[in-house]
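So this block is model33.cif, mmCIF, C-alpha atoms and all ligand atoms:
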```cif
data_input
loop_
_atom_site.label_atom_id
_atom_site.label_comp_id
_atom_site.auth_asym_id
_atom_site.auth_seq_id
_atom_site.Cartn_x
_atom_site.Cartn_y
_atom_site.Cartn_z
CA MET A 286 -168.30 107.90 214.28
CA GLU A 287 -170.99 109.63 212.24
CA ARG A 288 -168.27 111.51 210.37
CA LEU A 289 -166.26 108.29 209.96
CA GLN A 290 -169.45 106.53 208.82
CA LEU A 291 -168.76 103.67 211.21
CA ASP A 292 -170.79 101.87 213.85
CA TYR A 293 -167.75 101.21 215.97
CA VAL A 294 -164.03 101.95 216.02
CA ASP A 295 -161.52 99.07 216.06
CA LEU A 296 -158.90 100.72 218.25
CA TYR A 297 -158.94 104.04 220.10
CA LEU A 298 -155.76 105.39 221.74
CA ILE A 299 -154.69 108.23 224.01
CA HIS A 300 -152.01 109.85 221.83
CA THR A 301 -149.61 111.00 224.56
CA PRO A 302 -149.28 111.09 228.36
CA PHE A 303 -148.76 114.88 228.20
CA ASN A 304 -151.67 115.81 230.46
CA PRO A 305 -150.96 114.42 233.95
CA GLU A 306 -154.03 116.15 235.44
CA HIS A 307 -156.45 114.53 233.02
CA ARG A 308 -154.73 111.27 232.02
CA LEU A 309 -156.91 109.12 234.23
CA GLU A 310 -160.09 110.91 233.12
CA GLN A 311 -159.11 110.33 229.50
CA TRP A 312 -158.60 106.64 230.26
CA ARG A 313 -161.95 106.44 232.12
CA ALA A 314 -163.65 107.85 228.99
CA LEU A 315 -162.06 105.18 226.79
CA VAL A 316 -163.08 102.42 229.22
CA GLU A 317 -166.67 103.75 229.08
CA LEU A 318 -166.68 103.83 225.27
CA LYS A 319 -165.52 100.23 225.22
CA GLY A 320 -168.25 99.33 227.73
CA GLN A 321 -170.78 100.89 225.32
CA SER A 322 -169.33 98.77 222.44
CA LYS A 323 -168.49 101.94 220.52
CA VAL A 324 -164.85 100.87 220.52
CA ARG A 325 -163.51 97.32 220.17
CA SER A 326 -160.08 97.87 221.77
CA ILE A 327 -158.56 100.68 223.78
CA GLY A 328 -154.97 101.62 224.31
CA VAL A 329 -152.40 104.32 224.84
CA SER A 330 -149.46 105.73 222.94
CA ASN A 331 -146.11 107.01 224.15
CA PHE A 332 -146.85 105.82 227.69
CA ASN A 333 -143.99 104.50 229.85
CA GLU A 334 -144.11 102.09 232.78
CA SER A 335 -145.08 104.74 235.35
CA HIS A 336 -147.92 106.14 233.20
CA ILE A 337 -149.36 102.63 232.92
CA GLU A 338 -148.80 101.94 236.64
CA GLU A 339 -150.93 105.03 237.34
CA ILE A 340 -153.82 103.41 235.44
CA VAL A 341 -153.32 100.09 237.28
CA ALA A 342 -153.12 101.82 240.69
CA ALA A 343 -156.43 103.58 239.99
CA GLY A 344 -158.08 100.18 239.51
CA PHE A 345 -158.81 100.56 235.78
CA PRO A 346 -158.28 97.80 233.22
CA VAL A 347 -154.83 97.96 231.62
CA PRO A 348 -154.52 99.25 228.04
CA GLU A 349 -154.61 96.58 225.35
CA THR A 350 -151.89 98.27 223.30
CA ASN A 351 -149.19 100.93 223.62
CA GLN A 352 -148.15 102.56 220.33
CA ILE A 353 -144.51 103.61 220.70
CA GLU A 354 -141.54 104.55 218.55
CA LEU A 355 -139.77 101.24 217.91
CA HIS A 356 -137.09 100.52 215.32
CA PRO A 357 -133.49 99.23 215.43
CA TRP A 358 -132.23 102.60 216.71
CA SER A 359 -134.86 102.86 219.48
CA GLN A 360 -135.60 99.37 220.82
CA LYS A 361 -136.81 100.29 224.36
CA PRO A 362 -136.02 96.81 225.81
CA ASN A 363 -137.15 97.61 229.38
CA LEU A 364 -140.45 99.15 228.32
CA VAL A 365 -141.14 96.31 225.86
CA SER A 366 -140.51 93.61 228.49
CA TYR A 367 -142.76 95.46 230.95
CA LEU A 368 -145.51 95.62 228.29
CA ARG A 369 -145.08 91.89 227.60
CA GLU A 370 -145.40 91.10 231.33
CA GLU A 371 -148.62 93.13 231.50
CA ALA A 372 -149.97 91.53 228.28
CA ILE A 373 -150.03 94.95 226.55
CA LEU A 374 -149.28 94.73 222.83
CA PRO A 375 -146.52 97.11 221.66
CA ILE A 376 -147.35 98.70 218.26
CA ALA A 377 -144.36 100.18 216.39
CA TYR A 378 -144.52 103.63 214.85
CA SER A 379 -141.83 105.34 212.75
CA SER A 380 -140.34 101.97 211.83
CA LEU A 381 -138.54 103.49 208.84
CA ILE A 382 -136.42 106.10 210.63
CA PRO A 383 -133.08 104.44 209.69
CA LEU A 384 -133.88 105.04 205.98
CA SER A 385 -131.91 107.95 204.49
CA THR A 386 -135.11 109.18 202.83
CA TRP A 387 -137.35 109.01 205.92
CA ARG A 388 -139.51 112.17 206.06
CA ASP A 389 -137.26 113.74 203.46
CA VAL A 390 -139.79 116.51 203.06
CA GLU A 391 -139.55 120.14 204.12
CA GLY A 392 -141.61 121.05 207.19
CA GLN A 393 -141.47 117.53 208.71
CA ASP A 394 -139.36 118.09 211.78
CA SER A 395 -137.85 115.38 213.95
CA ALA A 396 -135.01 114.96 216.44
CA GLU A 397 -133.12 112.75 213.99
CA THR A 398 -129.42 113.63 214.33
CA ASP A 399 -127.07 114.47 211.45
CA GLN A 400 -125.15 111.31 212.40
CA MET A 401 -128.31 109.22 211.90
CA LYS A 402 -128.96 110.85 208.53
CA ALA A 403 -125.35 110.20 207.47
CA ASP A 404 -125.50 106.60 208.71
CA GLY A 405 -128.69 106.01 206.72
CA ARG A 406 -126.95 107.24 203.56
CA GLN A 407 -123.91 104.93 203.90
CA GLU A 408 -123.62 102.64 200.90
CA ASP A 409 -122.70 99.77 203.24
CA SER A 410 -125.34 100.51 205.89
CA PRO A 411 -126.35 97.23 207.57
CA PHE A 412 -129.92 97.57 206.32
CA LYS A 413 -128.76 98.05 202.71
CA LEU A 414 -126.56 94.95 203.03
CA MET A 415 -129.42 92.90 204.50
CA ALA A 416 -131.79 94.13 201.79
CA GLU A 417 -129.32 92.88 199.15
CA LYS A 418 -128.93 89.56 200.95
CA TYR A 419 -132.69 88.86 201.02
CA GLY A 420 -133.51 90.50 197.68
CA VAL A 421 -135.90 92.99 199.28
CA THR A 422 -135.83 96.73 200.09
CA GLU A 423 -134.42 98.39 203.21
CA SER A 424 -137.91 99.35 204.31
CA GLN A 425 -138.99 95.71 204.05
CA VAL A 426 -136.02 94.71 206.26
CA LEU A 427 -137.04 97.30 208.88
CA LEU A 428 -140.71 96.33 208.84
CA ARG A 429 -139.92 92.60 208.85
CA TRP A 430 -137.66 93.11 211.89
CA ALA A 431 -140.63 94.61 213.76
CA LEU A 432 -142.96 91.77 212.74
CA GLN A 433 -140.42 89.16 213.88
CA LYS A 434 -140.23 90.97 217.23
CA GLY A 435 -144.03 90.63 217.40
CA TYR A 436 -144.84 94.32 216.84
CA PRO A 437 -147.66 95.33 214.48
CA VAL A 438 -146.44 98.10 212.13
CA ILE A 439 -148.20 101.17 210.71
CA PRO A 440 -145.90 102.65 208.04
CA LYS A 441 -147.30 105.61 206.14
CA SER A 442 -146.74 106.24 202.44
CA THR A 443 -148.30 108.19 199.60
CA ASN A 444 -146.27 106.28 197.00
CA PRO A 445 -148.07 103.23 195.47
CA GLN A 446 -144.80 101.33 195.00
CA HIS A 447 -143.87 101.88 198.65
CA LEU A 448 -147.37 100.85 199.76
CA ARG A 449 -146.97 97.56 197.86
CA GLN A 450 -143.55 96.92 199.42
CA ASN A 451 -144.82 97.70 202.89
CA ILE A 452 -147.43 94.94 202.81
CA ASP A 453 -145.19 92.41 201.03
CA LEU A 454 -143.35 91.21 204.15
CA PHE A 455 -144.12 87.51 204.31
CA GLY A 456 -141.86 86.06 201.60
CA PHE A 457 -138.63 86.17 203.62
CA THR A 458 -137.33 85.83 207.18
CA LEU A 459 -134.40 87.67 208.77
CA ASP A 460 -132.09 84.96 210.07
CA GLU A 461 -130.92 84.70 213.68
CA GLU A 462 -127.57 86.27 212.87
CA ASP A 463 -129.19 89.39 211.42
CA MET A 464 -131.72 89.63 214.26
CA ALA A 465 -128.81 89.39 216.72
CA ALA A 466 -126.85 92.05 214.81
CA ILE A 467 -129.85 94.42 214.88
CA ALA A 468 -130.26 93.80 218.63
CA THR A 469 -126.88 95.54 219.13
CA MET A 470 -127.92 98.69 217.20
CA ASP A 471 -130.09 100.33 219.86
CA ARG A 472 -129.27 104.05 220.29
CA GLY A 473 -131.80 104.84 223.02
CA ASP A 474 -134.70 107.29 222.95
CA GLY A 475 -136.93 107.84 219.94
CA VAL A 476 -136.39 110.74 217.51
CA ALA A 477 -139.63 110.97 215.54
CA TRP A 478 -140.83 113.91 217.61
CA ALA A 479 -138.80 117.14 217.31
CA ILE A 480 -139.28 117.70 221.06
CA GLY A 481 -137.74 114.32 221.93
CA ASP A 482 -139.27 111.00 222.93
CA PRO A 483 -142.72 111.78 224.42
CA SER A 484 -142.66 108.66 226.62
CA LYS A 485 -140.03 110.42 228.74
CA VAL A 486 -142.44 112.98 230.26
CA ALA A 487 -143.29 112.65 233.95
N1 LIG B 1 -148.27 107.88 218.33
C1 LIG B 1 -147.38 108.75 217.89
O1 LIG B 1 -146.87 109.59 218.63
C2 LIG B 1 -146.95 108.70 216.46
C3 LIG B 1 -145.81 109.39 216.01
C4 LIG B 1 -145.46 109.29 214.66
C5 LIG B 1 -146.24 108.54 213.80
N2 LIG B 1 -147.33 107.90 214.29
C6 LIG B 1 -148.21 107.12 213.42
O2 LIG B 1 -147.45 106.28 212.60
C7 LIG B 1 -147.94 106.39 211.25
C8 LIG B 1 -146.74 106.30 210.38
O3 LIG B 1 -145.90 107.35 210.71
P1 LIG B 1 -144.36 107.22 210.51
O4 LIG B 1 -143.68 108.16 211.41
O5 LIG B 1 -144.00 105.78 210.51
O6 LIG B 1 -144.31 107.63 209.03
P2 LIG B 1 -143.79 108.98 208.37
O7 LIG B 1 -142.47 109.29 208.92
O8 LIG B 1 -144.82 110.01 208.40
O9 LIG B 1 -143.66 108.50 206.89
C9 LIG B 1 -142.89 107.48 206.53
C10 LIG B 1 -141.81 108.02 205.58
O10 LIG B 1 -141.24 106.91 205.00
C11 LIG B 1 -141.45 106.97 203.58
N3 LIG B 1 -141.74 105.61 203.16
C12 LIG B 1 -142.82 104.85 203.45
N4 LIG B 1 -142.70 103.63 202.90
C13 LIG B 1 -141.51 103.63 202.23
C14 LIG B 1 -140.82 102.67 201.48
N5 LIG B 1 -141.32 101.46 201.27
N6 LIG B 1 -139.62 103.01 200.94
C15 LIG B 1 -139.09 104.23 201.15
N7 LIG B 1 -139.70 105.20 201.86
C16 LIG B 1 -140.89 104.89 202.41
C17 LIG B 1 -142.60 107.92 203.34
O11 LIG B 1 -142.44 108.54 202.09
P3 LIG B 1 -143.40 108.20 200.82
O12 LIG B 1 -144.75 108.74 201.14
O13 LIG B 1 -142.70 108.87 199.70
O14 LIG B 1 -143.43 106.70 200.67
C18 LIG B 1 -142.39 108.90 204.50
O15 LIG B 1 -141.39 109.86 204.16
C19 LIG B 1 -148.61 107.75 211.13
O16 LIG B 1 -149.68 107.68 210.24
C20 LIG B 1 -149.05 108.03 212.57
O17 LIG B 1 -150.40 107.66 212.76
C21 LIG B 1 -147.70 107.96 215.58
#
```

Would you kindly transcribe this structure into structure tokens?
Amino acid sequence: MERLQLDYVDLYLIHTPFNPEHRLEQWRALVELKGQSKVRSIGVSNFNESHIEEIVAAGFPVPETNQIELHPWSQKPNLVSYLREEAILPIAYSSLIPLSTWRDVEGQDSAETDQMKADGRQEDSPFKLMAEKYGVTESQVLLRWALQKGYPVIPKSTNPQHLRQNIDLFGFTLDEEDMAAIATMDRGDGVAWAIGDPSKVA
């Protein structure tokens, strides 16, 4: 916090469930930091139902949030409804994966398939058609979808025009027909990580 020049941190997360031997110790540390008011909210990322059940079974408070890969091609309906039941807020990362230009930079690996890249480039991709219909950009359609599902979004950009678009999400609403169409587009596990969806680890 000294290096951040802050008195407290708004939200502190465990990045992945990759360390089964120390997961509970990591969570205990976050609970203690919250108890000391050094952190306002604590959560996890890339945790699935069984990782969270482990925390519950150990008698700890449940995480307030779970940051997971969520976009039309990875909708994780079972995990999301479990999180809703437990009052854990899902936060969406990598919302923009269906864009043809997503991480179009050398050295940024992912498990995105060639089919996904080709689908993103289609002139008549559903997101391009929706963007035209609402007079917005494809990225705004993708981010607005997440907001309408109740997921906070954290898109990253170094381009000022993109940054402006990514916060300008409140002047339109995707209609029920488009939300229903997107609900049918789920392709399963996330692809942001080159190693595959991290929430799948035991
Ligand atoms: N918990 C996890 O495991 C995990 C995993 C991945 C990411 N994250 C978090 O999520 C944050 C965002 O990561 P991400 O995966 O969503 O982003 P990302 O893939 O790193 O970057 C988003 C990509 O979309 C582009 N972009 C952004 N806004 C755009 C727009 N309006 N139009 C067109 N292109 C646009 C960016 O390019 P430009 O810069 O050119 O706009 C960049 O290529 C990260 O900072 C990280 O903290 C967490």

How close does range 406-482 of chain A get to range 333-352 of chain A? List, as a Markdown table, each residue of range 406-482 of chain A within 12 Å, its nearest atom pair and the distance in Å to one decimal, counting only C-alpha atoms.
```
| residue | atom | partner | partner_atom | distance |
| --- | --- | --- | --- | --- |
| A:Tyr436 | CA | A:Gln352 | CA | 9.5 |
| A:Pro437 | CA | A:Gln352 | CA | 9.3 |
| A:Val438 | CA | A:Gln352 | CA | 9.5 |
| A:Ile439 | CA | A:Gln352 | CA | 9.7 |
| A:Asp474 | CA | A:Asn333 | CA | 11.9 |
| A:Asp482 | CA | A:Asn333 | CA | 10.6 |
```

Response to the item:
Of A:Lys441, A:Arg429, A:Lys413, A:Arg308, the one sitting nearest ligand LIG 1 (chain B) when using only C-alpha atoms and all ligand atoms is A:Lys441

Using all atoms listed in the file, find each residue in chain A having at least one atom no more than 8 Å away from ligand LIG 1 (chain B); report its shortest atom-to-atom pair and that distance in Å (one decimal), rows by chain then rising number, as CSV.
```
residue,atom,partner,partner_atom,distance
A:His300,CA,B:LIG1,N1,5.5
A:Thr301,CA,B:LIG1,O1,6.7
A:Ser330,CA,B:LIG1,N1,5.2
A:Asn331,CA,B:LIG1,O1,6.1
A:Gln352,CA,B:LIG1,N1,5.7
A:Ile353,CA,B:LIG1,N1,6.2
A:Glu354,CA,B:LIG1,C3,6.9
A:Ala377,CA,B:LIG1,O2,7.8
A:Tyr378,CA,B:LIG1,O2,4.5
A:Ser379,CA,B:LIG1,O5,3.1
A:Ser380,CA,B:LIG1,O5,5.4
A:Leu381,CA,B:LIG1,O10,5.8
A:Ile382,CA,B:LIG1,O7,7.1
A:Leu384,CA,B:LIG1,N7,7.1
A:Thr386,CA,B:LIG1,N7,6.2
A:Trp387,CA,B:LIG1,O15,4.5
A:Arg388,CA,B:LIG1,O15,3.5
A:Asp389,CA,B:LIG1,O15,5.7
A:Val390,CA,B:LIG1,O15,6.9
A:Thr422,CA,B:LIG1,N5,7.3
A:Glu423,CA,B:LIG1,N6,7.3
A:Ser424,CA,B:LIG1,N5,5.0
A:Gln425,CA,B:LIG1,N5,6.8
A:Ile439,CA,B:LIG1,C7,5.3
A:Pro440,CA,B:LIG1,C8,4.4
A:Lys441,CA,B:LIG1,C8,4.3
A:Ser442,CA,B:LIG1,O12,3.4
A:Thr443,CA,B:LIG1,O12,3.9
A:Asn444,CA,B:LIG1,O14,4.7
A:Pro445,CA,B:LIG1,O14,7.8
A:Gln446,CA,B:LIG1,N5,7.2
A:His447,CA,B:LIG1,N5,3.7
A:Leu448,CA,B:LIG1,N5,6.3
A:Arg449,CA,B:LIG1,N5,7.7
A:Gln450,CA,B:LIG1,N5,5.4
A:Asn451,CA,B:LIG1,N5,5.4
A:Ala477,CA,B:LIG1,C4,6.1
A:Trp478,CA,B:LIG1,C3,6.9
A:Pro483,CA,B:LIG1,O1,7.5
```

Worksheet item: Closest to Met401 in chain A among A:Lys434, A:Lys361, A:Arg472, A:His307, using all atoms listed in the file?
Response: A:Arg472

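Of the listed residues (A:Gly320, A:Gly435, A:Gly328, A:Pro383), A:Gly328 comes nearest to Pro302 in chain A; the distances count all atoms listed in the file.
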
Worksheet item: Which distance in Å separates CA of Leu364 in chain A and CA of Ala465 in chain A, to one decimal?
Response: 19.1 Å

Discussion item. For a quick check of understanding, using only C-alpha atoms, which of A:Ala479, A:Leu428, A:Leu355, A:Val486 has the smallest distance to Gln393 in chain A?
Written reply: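 So, comparing all the options, the nearest one is A:Ala479.
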
Item to complete: Tell me which of A:Trp312, A:Tyr419, A:Phe412, A:Phe457 sits closest to Pro357 in chain A, counting all atoms listed in the file.
Response: A:Phe412

Fill in: CA of Asp399 in chain A to CA of Leu432 in chain A, straight-line distance in Å
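Result for CA of Leu432 in chain A versus CA of Asp399 in chain A: 27.7 Å, one decimal.
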
Fill in: Nearest-residue call for Ile480 in chain A, choices A:Gln311, A:Ile376, A:Ser395, A:Leu318, using all atoms listed in the file
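Among the listed residues, the smallest separation from Ile480 in chain A belongs to A:Ser395.
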
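Atom pair CA of Met464 in chain A / CA of Val329 in chain A has a distance of 27.5 Å (rounded to one decimal).
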
Discussion item. For a cutoff of 10 Å around the file-coordinate point (-138.7, 85.9, 199.0), which residues qualify once you count only C-alpha atoms? I'd like the result as a ChimeraX atom specification.
Written reply: /A:419-421,453-458
